[in-house]
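Peer 1: Pasting a structure below so you can have a look.
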Amino acid sequence: MKKLTYFPGCSAHGTSEEFDSTLKLVLKTLDVVLEDIPDWNCCGATSAHVMTENLAYALPMRNLVLAEKLENTTMGIACASCYQRMKVTKVHMDENPELAKRINTTVVEEGTYQGKVDVKSMLQYFYEDIGVETIREKVTKSLAGLKVACYYGCLLTRPKNITNFDSPEYPVSMDQICEALGATATEFDYKTECCGASFSISNTEVVLNLSGQILAMAKESGAHAIVVACPLCQSNLDMRQPDIEKQQGIKYDIPVFYITQLMALAFGNPIDQLKFPKHIVPVEGALANIGKVSPVPEKVKKPIKAVEAESEVK
Amino acid sequence: MARVGVFVCFCGANIADYVDVPQVVEEVKRIKEVKYAVEYKYMCSDPGQGLIRDAIVQNKLTSIVVAACSPRMHEKTFRKALSDAGMNPYLLEVANIREHSSWVHQKDKKAATEKAMDLCRMAVAKSIANEQLHEISVPVTKRALVIGGGIAGIQAALDIADARIPVVLVEKSPSIGGKMAQLDETFPTLDCAQCILTPKMVDVASHPYIELIPYAEVLELQGFVGNYKVKIKKKASYVNFKTCTGCGACWQKCPVKVPNEYNMGIDKRKAIYTPFPQAVPNKPVIDAEHCTMLTKGKCGICKKVCLPGAIDYEMQDEIIEREVGAVVVATGYDMWDPTPYEEYGVGRFKDIITSLEFERMVSANGPTNGVPQRPSDGKVPKNVVFIKCVGSRDEAKGIEYCSKICCMYTTKHTILLHHKVHDSHAYVFYMDIRAAGKGYEEFVKKAQVDTGTTYLRGRVSKIYKKGDKLMVRGEDAQIGQVVEVEADLVVLATAVSAPKDNPELARLLGISYDKYGYLSEAHPKLRPVETAKAGIFLAGCTQAPKDIPETVSQASACAAKVCGLFAGDTMKKDPMVSTINNEYCSGCQNCVKVCPYGAIVTDEVPIGHGSKELRTVAKINEGVCQGCGSCVAICRSMAINLAGFTDPQIINEIVSI
C-alpha cells in the first residue's frame, strides 16, 4: 500500500466532482491511499497571482507547510491550476530561500517552510510513480476500439523549467496511459493549445473560439472522445460544446472524459459509478466503439524516388 | 642606483573612471627609485609613446613601468618604445591596472585605486631587478598544416602553396569540398557552387606543393610556432588509393545501402562509396560501420569485382607524423538540429525539412534531379513556407547569435523554387532581413519582385497537420494578426552551429574556444585570423558563422599570415626561457616530467673539474621552452632560473606590498 498526500482543490467538490470520485476509484485499484492535507486552503489561482505577489505565494505555501506535517514526500493534485500555483511556489521558494523567508512571515502559525514535499499533478503521479506498465497490468476491460484525442491544455507541462515533466509542446504521457488502457491515441496537434480557461465567464466568445478549434482538430484527428486531466479544460470543452456547435453550425458530439474515468472503466468499475450523467455531451455514442476494432491498415507512404548515383565505368 | 620611470594610462575612461590616476602617480612618486612619473590619456598612442621615449633620454632611466591594460594587449608596443629610445626592451614592466583593477572593481573606486597602487609598487620593485635580455633566434620549418578541406581550407592551402610553401591538407571525410560541395547555387550571383568549387578541388589534388591527406584526423600537436610536430591518423579506407583507378565497379555491386550523408539522407549510398561523383580524390572508401564483410565477415563482393585488386579488408588505421611551422584551422560548421522546435512538429511531420535538405533537392546533382519533392508522398510542392531564424536568435530553444547566412540563402531558395516549380508560391516568415553585403540587398529586392514571394514579418508559433497539408500559424506583425498558411512543404532555415568536435580539437591544439564551440581569435577586431597561440590561424566558419566571400577572404588572410611567418630563415622568440645551473642540479628530473612542452631533456656532465665520472643533469631546449615556469616551481634545489621572472624579481614584488 502506498500513501499520497492529496490536495483536492475547490473544483473537486463542485464542477469536477466526477474527476475526484473516479480518481479515488482508480487509486483504490492501484492500492494507493490518499491523505488530505488537514485544513487546506484555496490555491489562489487566477485572482491572487495577478493581484499581489505575497498572497500568490502565501496561499500555496500554507498548503505546502501543512503538507510537510504528513509523512509523505509527494503531494498529488488533481486540478491543473492548483498544481500550477503549488508547483510554481515550491520551485521559486526552493530556488530562493530569501523569498521563502519573506513569504513565511505571512504564513506564521503553520510553521516554517522546509521544501520537503514534492508537488505532482495526478497525471505526472500516474506516469512517474505508478508507471504505464503497472496501469496496463490492472486493466480488466480493454478500451480497444475507442479512439481518443489526449488534450493536456496549457498548465500540466508548462513552463518546462517549472513542471520539468513531459514535453511542453507535444506531450505523450496521457497518450501512453490511454494506449495502456487499450484505447488508441490519435495524432492530435492541438494537445497543448489554450482552451480559453477562465475567460469562460468573463469573455465567453474567446472560449467558444479557442475551444471550438480544439474540438474541430480532435474531430479531424479521428477521435471519438477527448481525454483531459484538468477541470477547467473539461468544463470548457464539454459544457460550452453546445454553444460552440450553435455558433459554428457544426455538430461535434464529442464527449470529454477525465483520464481517471477511462482508467476506472478499464479497471472494471461498474459504469454507474463513473458519473457519466454529469456530462453535458452524452458519452454513450463514443463508448459504443469499445470492442469494435476496425481493421484499417496503416497508410503505406510512398518514399521519395531515389536517383542512383551516376557512376563512371572506365 | 636604479632610476625607474612610471607611466600611468587613463585608457580614455576605461581606467580613469574607476581608478584615481593622478593619485596613483603621486603615490608612486614617493618610491625612492622612481625618478619620473606621469599620467596620460592614451599611453599607447604616438604622443604617449613619445612621453616614454623622451623621459628615458632626459631622465637617464634604467627601467620603465607602464601602468595600463593587459600586457597581452600592448606589451610589444611599449617594448618597441623602449627600443626606439635606445633602451633594452626587456627593462619594461607592465602593471595591468585595467583588466586587473578598473574593470573588475567598478563599484568601488577607492579600492580600485589602492589596488592599482599596489600593482604599480610591485611592478616598480620587480623592474629594479630586471636584466637586459636579448631575443632568441630559432629555425623555422617552412611547411603549413591546414585542418579541414572545405572552401576555407582549400583556399588557404592553395594560396600558401602558390607562394611555394609546402602544405599538408588534412580532411576528415573521404573527399574535400565541405559544405559548399552540397550547395546548388550561391548568392548573390547564383553561380553554380560546383562550377566554382570543383576546379579548386582539382587544383588542390594536383598542386606540387600540397600533400592532400583525406579521411584523416589530427591526433596530436607538439612544439611551438615555427617548429610543430603533428601526428595524423589516416583512417583505414580498406582501399589502396595507389592501385585503385576509381572505376566504380565496387560501389555498383555493393549490396549494402546506407543513408547518403551528402544528400542529407534523402537517398542511399553503398557501404563502399565516394561521397559524390565529383569527389577529390575520386577514390572510394569502405564504411566500416555498415560493410557486412567488416562487421560479420560475409560478402566480399567488392574485392571480387575489383580488377586492380585495390580492396584490402585487413587495412589498419595508420599514424603518420609531419613537421610544420604553422597551422590553419578550417573545420567549418554544423547545421543546428531543430528537434527542440516541438511546436513545429519537427520529427513528426515528414514534410518539414531543413534548408540543407532543400538545397540538395533543388541541386542538379541531387537525389531528386533538381526538382523539390515532398518526402511524404513524392509530390512536387506548390505552396512552400520558409521559416527563418530556426535556432538562431532564440535564447530559449536555440542559440543567441544571428547565423548571418540564412536571410541570404532563404532568398536564394525562393528563387530556386521559382525556377524549378514555375507555378509554386513561396512564403517567408522572418524577423528581420539582414542583407548586409555587396549586392545582397539588391539581390533580396530583385528576388521579391521576380518570384512574388509573400514575406510575413513574424514568428511561427505552430505547425499542425490538416489532411496532407501542413498548416503554418504565425504572426504577421505588419497587420497585427495571426495568419495561417497552408503548406505542401516547410523549409526551416536552421542555425549555423560550431562543429561538435571543436572543443576537443581546441584542447588538442592548445587554443581557446567560446561558449558556443567556435574557436577564438586573438583579437575580435585587430587580430581576427590569429589565435592566442602563435602560429595557429583560423579560417572560415570555425571561428564564427560567415558566408563564402568572407570565408575565402579570411582563408587568404591566413595564407598571408603564414607566408609572413615564413618570410625569414629564422624566427625571433622572446628570451623569457629557463636556464639550468648545473652546479645546483641534482638530476632528479622532476622538471622533465612537468614540462608541458617537452623542452627539457637530460644531459651528462663530469662530476667535478677534470673528472671522468659523469652525472645526469637537466638540459633545456630554449627554442622549445615557452617560459611557463613549471620547472622553476618544481625544482627542489633551486637550480632553474626563468629569465624575466628571476627569484630576485619575484621576491622584490612580494616585499613591496
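Residues in the C-alpha cells are numbered from 1 in each chain, the chains being A, B, ... in the order shown, and ligands are numbered from 1 in the order shown.
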Which parts of segment 95-282 of chain A does DSSP call strand (DSSP E or B) when run on the backbone here, written out as an NGL selection string?
Peer 2: :A and (118-121 or 147-150 or 184-185 or 225-228 or 256-258)
Peer 1: Which polymer residues have any atom within 9 Å of an atom of segment 277-284 of chain A, counting only C-alpha atoms, with same-chain residues fewer than 3 positions away left out, as a list in words?
Peer 2: Glu17, Glu18, Ala225, Asp238, Met239, Arg240, Gln241, Pro242, Asp253, Ile254, Pro255, Val256, Phe257, Asp272, Leu274, Leu287 and Ala288 of chain A
Peer 1: Output N, CA, C and O atoms for every residue in that selection, as an mmCIF file, in the first residue's frame.
Peer 2:
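After the write, again.cif holds the following:
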```
data_model
loop_
_atom_site.group_PDB
_atom_site.id
_atom_site.type_symbol
_atom_site.label_atom_id
_atom_site.label_comp_id
_atom_site.auth_asym_id
_atom_site.auth_seq_id
_atom_site.Cartn_x
_atom_site.Cartn_y
_atom_site.Cartn_z
ATOM 1 N N GLU A 17 -16.452 17.099 -9.741
ATOM 2 C CA GLU A 17 -16.684 16.069 -8.728
ATOM 3 C C GLU A 17 -16.422 14.678 -9.301
ATOM 4 O O GLU A 17 -15.913 13.794 -8.618
ATOM 5 N N GLU A 18 -16.721 14.500 -10.624
ATOM 6 C CA GLU A 18 -16.502 13.183 -11.244
ATOM 7 C C GLU A 18 -15.004 12.859 -11.385
ATOM 8 O O GLU A 18 -14.620 11.696 -11.392
ATOM 9 N N ALA A 225 -13.520 10.672 -28.746
ATOM 10 C CA ALA A 225 -13.655 11.425 -27.498
ATOM 11 C C ALA A 225 -12.361 12.164 -27.205
ATOM 12 O O ALA A 225 -11.312 11.851 -27.771
ATOM 13 N N ASP A 238 -16.615 20.581 -22.696
ATOM 14 C CA ASP A 238 -17.869 19.826 -22.576
ATOM 15 C C ASP A 238 -19.061 20.767 -22.434
ATOM 16 O O ASP A 238 -19.965 20.783 -23.264
ATOM 17 N N MET A 239 -19.004 21.617 -21.438
ATOM 18 C CA MET A 239 -20.157 22.472 -21.126
ATOM 19 C C MET A 239 -20.421 23.491 -22.234
ATOM 20 O O MET A 239 -21.549 23.813 -22.550
ATOM 21 N N ARG A 240 -19.347 24.011 -22.840
ATOM 22 C CA ARG A 240 -19.519 25.027 -23.889
ATOM 23 C C ARG A 240 -19.746 24.406 -25.271
ATOM 24 O O ARG A 240 -19.929 25.127 -26.246
ATOM 25 N N GLN A 241 -19.698 23.072 -25.353
ATOM 26 C CA GLN A 241 -19.792 22.445 -26.673
ATOM 27 C C GLN A 241 -21.103 22.779 -27.412
ATOM 28 O O GLN A 241 -21.057 23.100 -28.604
ATOM 29 N N PRO A 242 -22.253 22.737 -26.717
ATOM 30 C CA PRO A 242 -23.494 23.105 -27.434
ATOM 31 C C PRO A 242 -23.445 24.533 -27.988
ATOM 32 O O PRO A 242 -23.887 24.784 -29.109
ATOM 33 N N ASP A 253 -20.466 16.585 -31.144
ATOM 34 C CA ASP A 253 -20.917 15.426 -30.389
ATOM 35 C C ASP A 253 -19.733 14.597 -29.891
ATOM 36 O O ASP A 253 -19.688 13.386 -30.074
ATOM 37 N N ILE A 254 -18.791 15.274 -29.314
ATOM 38 C CA ILE A 254 -17.570 14.580 -28.893
ATOM 39 C C ILE A 254 -17.419 14.716 -27.376
ATOM 40 O O ILE A 254 -17.182 15.806 -26.862
ATOM 41 N N PRO A 255 -17.649 13.638 -26.627
ATOM 42 C CA PRO A 255 -17.600 13.740 -25.170
ATOM 43 C C PRO A 255 -16.183 13.987 -24.666
ATOM 44 O O PRO A 255 -15.210 13.675 -25.348
ATOM 45 N N VAL A 256 -16.113 14.568 -23.464
ATOM 46 C CA VAL A 256 -14.815 14.927 -22.886
ATOM 47 C C VAL A 256 -14.653 14.201 -21.549
ATOM 48 O O VAL A 256 -15.314 14.535 -20.568
ATOM 49 N N PHE A 257 -13.790 13.183 -21.535
ATOM 50 C CA PHE A 257 -13.588 12.362 -20.338
ATOM 51 C C PHE A 257 -12.414 12.867 -19.521
ATOM 52 O O PHE A 257 -11.431 13.388 -20.066
ATOM 53 N N ASP A 272 -22.013 2.705 -13.609
ATOM 54 C CA ASP A 272 -22.853 3.657 -12.867
ATOM 55 C C ASP A 272 -22.072 4.394 -11.783
ATOM 56 O O ASP A 272 -22.561 5.325 -11.174
ATOM 57 N N LEU A 274 -19.215 5.892 -12.541
ATOM 58 C CA LEU A 274 -18.269 6.763 -13.233
ATOM 59 C C LEU A 274 -18.812 8.168 -13.496
ATOM 60 O O LEU A 274 -18.161 8.988 -14.138
ATOM 61 N N LEU A 287 -18.565 5.573 -26.257
ATOM 62 C CA LEU A 287 -18.247 4.321 -25.560
ATOM 63 C C LEU A 287 -18.693 3.102 -26.364
ATOM 64 O O LEU A 287 -18.154 2.009 -26.185
ATOM 65 N N ALA A 288 -19.644 3.311 -27.290
ATOM 66 C CA ALA A 288 -20.127 2.195 -28.106
ATOM 67 C C ALA A 288 -19.026 1.646 -29.013
ATOM 68 O O ALA A 288 -19.129 0.517 -29.501
#
```
Peer 1: Counting only C-alpha atoms, figure out which residue out of A:Gly291, A:Pro231, A:Gly153, A:Pro38 gets nearest to Ser211 of chain A.
Peer 2: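 Smallest separation from Ser211 of chain A among the options: A:Gly153.
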Peer 1: For chain B versus chain A, which residues have an atom no more than 6 Å away, and what is each residue's nearest atom pair and distance in Å rounded to one decimal, using only C-alpha atoms, chain-then-number order, as a Markdown table?
Peer 2:
```
| residue | atom | partner | partner_atom | distance |
| --- | --- | --- | --- | --- |
| B:Cys247 | CA | A:Val313 | CA | 5.0 |
| B:Gly248 | CA | A:Val313 | CA | 5.9 |
| B:Asp267 | CA | A:Ala306 | CA | 5.2 |
| B:Glu342 | CA | A:Glu169 | CA | 5.5 |
| B:Glu343 | CA | A:Glu169 | CA | 5.2 |
| B:Pro367 | CA | A:Val307 | CA | 5.4 |
| B:Pro375 | CA | A:Ile304 | CA | 5.7 |
| B:Asp377 | CA | A:Lys302 | CA | 5.1 |
| B:Gly378 | CA | A:Ile304 | CA | 5.0 |
| B:Tyr464 | CA | A:Asp189 | CA | 5.5 |
```
Peer 1: Would you mind exporting all heavy atoms of the selected residues as a PDB file, in the first residue's frame?
Peer 2:
```pdb
ATOM      1  N   CYS B 247      37.230   3.180 -60.807  1.00  0.00           N
ATOM      2  CA  CYS B 247      36.346   2.736 -61.899  1.00  0.00           C
ATOM      3  C   CYS B 247      34.887   2.654 -61.479  1.00  0.00           C
ATOM      4  O   CYS B 247      33.992   2.840 -62.287  1.00  0.00           O
ATOM      5  CB  CYS B 247      36.817   1.392 -62.458  1.00  0.00           C
ATOM      6  SG  CYS B 247      36.437  -0.019 -61.375  1.00  0.00           S
ATOM      7  N   GLY B 248      34.629   2.348 -60.204  1.00  0.00           N
ATOM      8  CA  GLY B 248      33.248   2.332 -59.735  1.00  0.00           C
ATOM      9  C   GLY B 248      32.599   0.965 -59.727  1.00  0.00           C
ATOM     10  O   GLY B 248      31.444   0.830 -59.312  1.00  0.00           O
ATOM     11  N   ASP B 267      18.543  10.018 -50.098  1.00  0.00           N
ATOM     12  CA  ASP B 267      18.664   8.746 -50.819  1.00  0.00           C
ATOM     13  C   ASP B 267      19.729   7.886 -50.142  1.00  0.00           C
ATOM     14  O   ASP B 267      20.155   8.195 -49.032  1.00  0.00           O
ATOM     15  CB  ASP B 267      18.965   8.980 -52.307  1.00  0.00           C
ATOM     16  CG  ASP B 267      20.307   9.672 -52.518  1.00  0.00           C
ATOM     17  OD1 ASP B 267      20.964  10.024 -51.514  1.00  0.00           O
ATOM     18  OD2 ASP B 267      20.705   9.863 -53.686  1.00  0.00           O
ATOM     19  N   GLU B 342       9.526  21.572 -30.934  1.00  0.00           N
ATOM     20  CA  GLU B 342       8.443  20.583 -30.922  1.00  0.00           C
ATOM     21  C   GLU B 342       7.138  21.166 -31.427  1.00  0.00           C
ATOM     22  O   GLU B 342       6.315  20.463 -31.986  1.00  0.00           O
ATOM     23  CB  GLU B 342       8.251  20.066 -29.504  1.00  0.00           C
ATOM     24  CG  GLU B 342       9.372  19.149 -29.070  1.00  0.00           C
ATOM     25  CD  GLU B 342       9.201  18.695 -27.632  1.00  0.00           C
ATOM     26  OE1 GLU B 342       8.600  19.437 -26.841  1.00  0.00           O
ATOM     27  OE2 GLU B 342       9.671  17.600 -27.311  1.00  0.00           O
ATOM     28  N   GLU B 343       6.940  22.486 -31.243  1.00  0.00           N
ATOM     29  CA  GLU B 343       5.682  23.091 -31.687  1.00  0.00           C
ATOM     30  C   GLU B 343       5.566  23.093 -33.211  1.00  0.00           C
ATOM     31  O   GLU B 343       4.486  23.280 -33.753  1.00  0.00           O
ATOM     32  CB  GLU B 343       5.517  24.506 -31.112  1.00  0.00           C
ATOM     33  CG  GLU B 343       6.500  25.550 -31.635  1.00  0.00           C
ATOM     34  CD  GLU B 343       7.759  25.647 -30.803  1.00  0.00           C
ATOM     35  OE1 GLU B 343       8.227  24.600 -30.315  1.00  0.00           O
ATOM     36  OE2 GLU B 343       8.278  26.763 -30.641  1.00  0.00           O
ATOM     37  N   PRO B 367      19.344  14.222 -55.156  1.00  0.00           N
ATOM     38  CA  PRO B 367      18.648  12.940 -55.165  1.00  0.00           C
ATOM     39  C   PRO B 367      17.311  12.968 -55.919  1.00  0.00           C
ATOM     40  O   PRO B 367      16.736  11.925 -56.184  1.00  0.00           O
ATOM     41  CB  PRO B 367      18.419  12.656 -53.682  1.00  0.00           C
ATOM     42  CG  PRO B 367      18.397  14.000 -53.041  1.00  0.00           C
ATOM     43  CD  PRO B 367      19.348  14.850 -53.826  1.00  0.00           C
ATOM     44  N   PRO B 375       8.789  14.766 -48.998  1.00  0.00           N
ATOM     45  CA  PRO B 375       9.284  13.469 -48.545  1.00  0.00           C
ATOM     46  C   PRO B 375       8.148  12.470 -48.270  1.00  0.00           C
ATOM     47  O   PRO B 375       8.344  11.280 -48.389  1.00  0.00           O
ATOM     48  CB  PRO B 375      10.033  13.805 -47.259  1.00  0.00           C
ATOM     49  CG  PRO B 375      10.434  15.226 -47.419  1.00  0.00           C
ATOM     50  CD  PRO B 375       9.323  15.865 -48.197  1.00  0.00           C
ATOM     51  N   ASP B 377       5.078  11.970 -49.847  1.00  0.00           N
ATOM     52  CA  ASP B 377       4.426  11.284 -50.966  1.00  0.00           C
ATOM     53  C   ASP B 377       5.106  11.522 -52.315  1.00  0.00           C
ATOM     54  O   ASP B 377       4.609  11.061 -53.347  1.00  0.00           O
ATOM     55  CB  ASP B 377       2.950  11.693 -51.049  1.00  0.00           C
ATOM     56  CG  ASP B 377       2.769  13.199 -51.111  1.00  0.00           C
ATOM     57  OD1 ASP B 377       3.772  13.909 -51.360  1.00  0.00           O
ATOM     58  OD2 ASP B 377       1.641  13.677 -50.906  1.00  0.00           O
ATOM     59  N   GLY B 378       6.232  12.227 -52.306  1.00  0.00           N
ATOM     60  CA  GLY B 378       6.956  12.429 -53.560  1.00  0.00           C
ATOM     61  C   GLY B 378       6.338  13.449 -54.488  1.00  0.00           C
ATOM     62  O   GLY B 378       6.828  13.673 -55.594  1.00  0.00           O
ATOM     63  N   TYR B 464       0.625  22.436 -37.703  1.00  0.00           N
ATOM     64  CA  TYR B 464      -0.152  21.221 -37.472  1.00  0.00           C
ATOM     65  C   TYR B 464      -0.617  20.665 -38.807  1.00  0.00           C
ATOM     66  O   TYR B 464      -0.553  21.324 -39.836  1.00  0.00           O
ATOM     67  CB  TYR B 464      -1.324  21.489 -36.528  1.00  0.00           C
ATOM     68  CG  TYR B 464      -2.359  22.473 -37.026  1.00  0.00           C
ATOM     69  CD1 TYR B 464      -3.507  22.034 -37.680  1.00  0.00           C
ATOM     70  CD2 TYR B 464      -2.199  23.833 -36.833  1.00  0.00           C
ATOM     71  CE1 TYR B 464      -4.460  22.931 -38.137  1.00  0.00           C
ATOM     72  CE2 TYR B 464      -3.129  24.741 -37.295  1.00  0.00           C
ATOM     73  CZ  TYR B 464      -4.268  24.283 -37.938  1.00  0.00           C
ATOM     74  OH  TYR B 464      -5.203  25.179 -38.396  1.00  0.00           O
TER      75      TYR B 464
END
```
Peer 1: Skip segment 486-489 of chain B itself and residues of its chain fewer than 6 positions away, then list as an MDAnalysis selection string all residues within 12 Å of it, counting only C-alpha atoms.
Peer 2: chainID B and resid 349:355 357:358 372:387 417 424:428 463:474
Peer 1: Can you pull out the residues contacting Cys82 of chain A? Cut-off 8 Å, using only C-alpha atoms, and skip same-chain residues under 2 positions away; I want them as a tab-separated table (two decimals) with N, CA and C atoms, in the first residue's frame.
Peer 2:
```tsv
chain	number	residue	atom	x	y	z
A	9	GLY	N	-8.50	20.70	-3.96
A	9	GLY	CA	-8.85	21.95	-4.62
A	9	GLY	C	-10.35	22.11	-4.69
A	43	CYS	N	-5.85	27.63	-3.47
A	43	CYS	CA	-4.51	27.76	-4.04
A	43	CYS	C	-4.24	29.17	-4.53
A	44	GLY	N	-5.31	29.96	-4.66
A	44	GLY	CA	-5.13	31.35	-5.10
A	44	GLY	C	-5.19	31.53	-6.60
A	45	ALA	N	-5.54	30.46	-7.31
A	45	ALA	CA	-5.46	30.51	-8.77
A	45	ALA	C	-6.25	31.67	-9.37
A	77	ILE	N	-2.02	16.46	-7.03
A	77	ILE	CA	-3.04	17.48	-7.19
A	77	ILE	C	-3.84	17.17	-8.45
A	78	ALA	N	-5.14	17.16	-8.31
A	78	ALA	CA	-5.99	16.83	-9.46
A	78	ALA	C	-6.11	18.01	-10.41
A	79	CYS	N	-6.42	19.18	-9.86
A	79	CYS	CA	-6.70	20.35	-10.71
A	79	CYS	C	-5.39	20.94	-11.26
A	80	ALA	N	-5.38	21.22	-12.55
A	80	ALA	CA	-4.16	21.74	-13.19
A	80	ALA	C	-3.78	23.12	-12.67
A	84	GLN	N	-0.39	24.08	-10.76
A	84	GLN	CA	0.48	25.14	-11.26
A	84	GLN	C	0.88	26.09	-10.14
A	85	ARG	N	-0.11	26.55	-9.35
A	85	ARG	CA	0.21	27.50	-8.28
A	85	ARG	C	1.12	26.88	-7.23
A	86	MET	N	0.86	25.63	-6.91
A	86	MET	CA	1.63	24.95	-5.86
A	86	MET	C	3.06	24.69	-6.34
```
Peer 1: Identify, on the basis of only C-alpha atoms, every residue whose closest approach to segment 207-218 of chain B does not exceed 6 Å; exclude the query and any residue fewer than 6 positions from it along the same chain; express the result as a ChimeraX atom specification.
Peer 2: /B:161,166-174,232-235
Peer 1: Neighbouring residues of Val362 of chain B were defined as those with any atom within 12 Å, considering only C-alpha atoms; residues of the same chain fewer than 2 positions away were excluded. Please report them as a ChimeraX atom specification.
Peer 2: /B:182-185,192,263,355-360,364-373,380,412-421
Peer 1: Write out as a count of residues only each polymer residue whose atoms come within 12 Å of Lys147 of chain A, counting only C-alpha atoms; drop sequence neighbours fewer than 3 positions from it.
Peer 2: 36
Peer 1: Name the residues of segment 14-226 of chain A that come out as helix (DSSP H, G or I) in a backbone DSSP run; write them as a count of residues only.
Peer 2: 105
Peer 1: Would you compute the distance between atom CA of Ala495 of chain B and atom CA of Cys389 of chain B? Give it in Å to one decimal.
Peer 2: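 Computing it gives 6.7 Å between the two atoms.
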Peer 1: Between A:Val132, A:Ile201, A:Leu25, A:Ile103, which one has atoms that come closest to Val172 of chain A, using only C-alpha atoms?
Peer 2: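 Of A:Val132, A:Ile201, A:Leu25, A:Ile103, the one nearest Val172 of chain A is A:Val132, counting only C-alpha atoms.
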Peer 1: As an exercise, work out the distance from atom CA of Glu26 of chain B to atom CA of Phe10 of chain B in Å and give it to one decimal place.
Peer 2: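 About the pair atom CA of Glu26 of chain B and atom CA of Phe10 of chain B: they are 14.6 Å apart.
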Peer 1: B:Ile640, B:Cys588, B:Met180, B:Ala633: which is nearest Thr616 of chain B, counting only C-alpha atoms?
Peer 2: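 That would be B:Cys588, the residue with the smallest distance to Thr616 of chain B.
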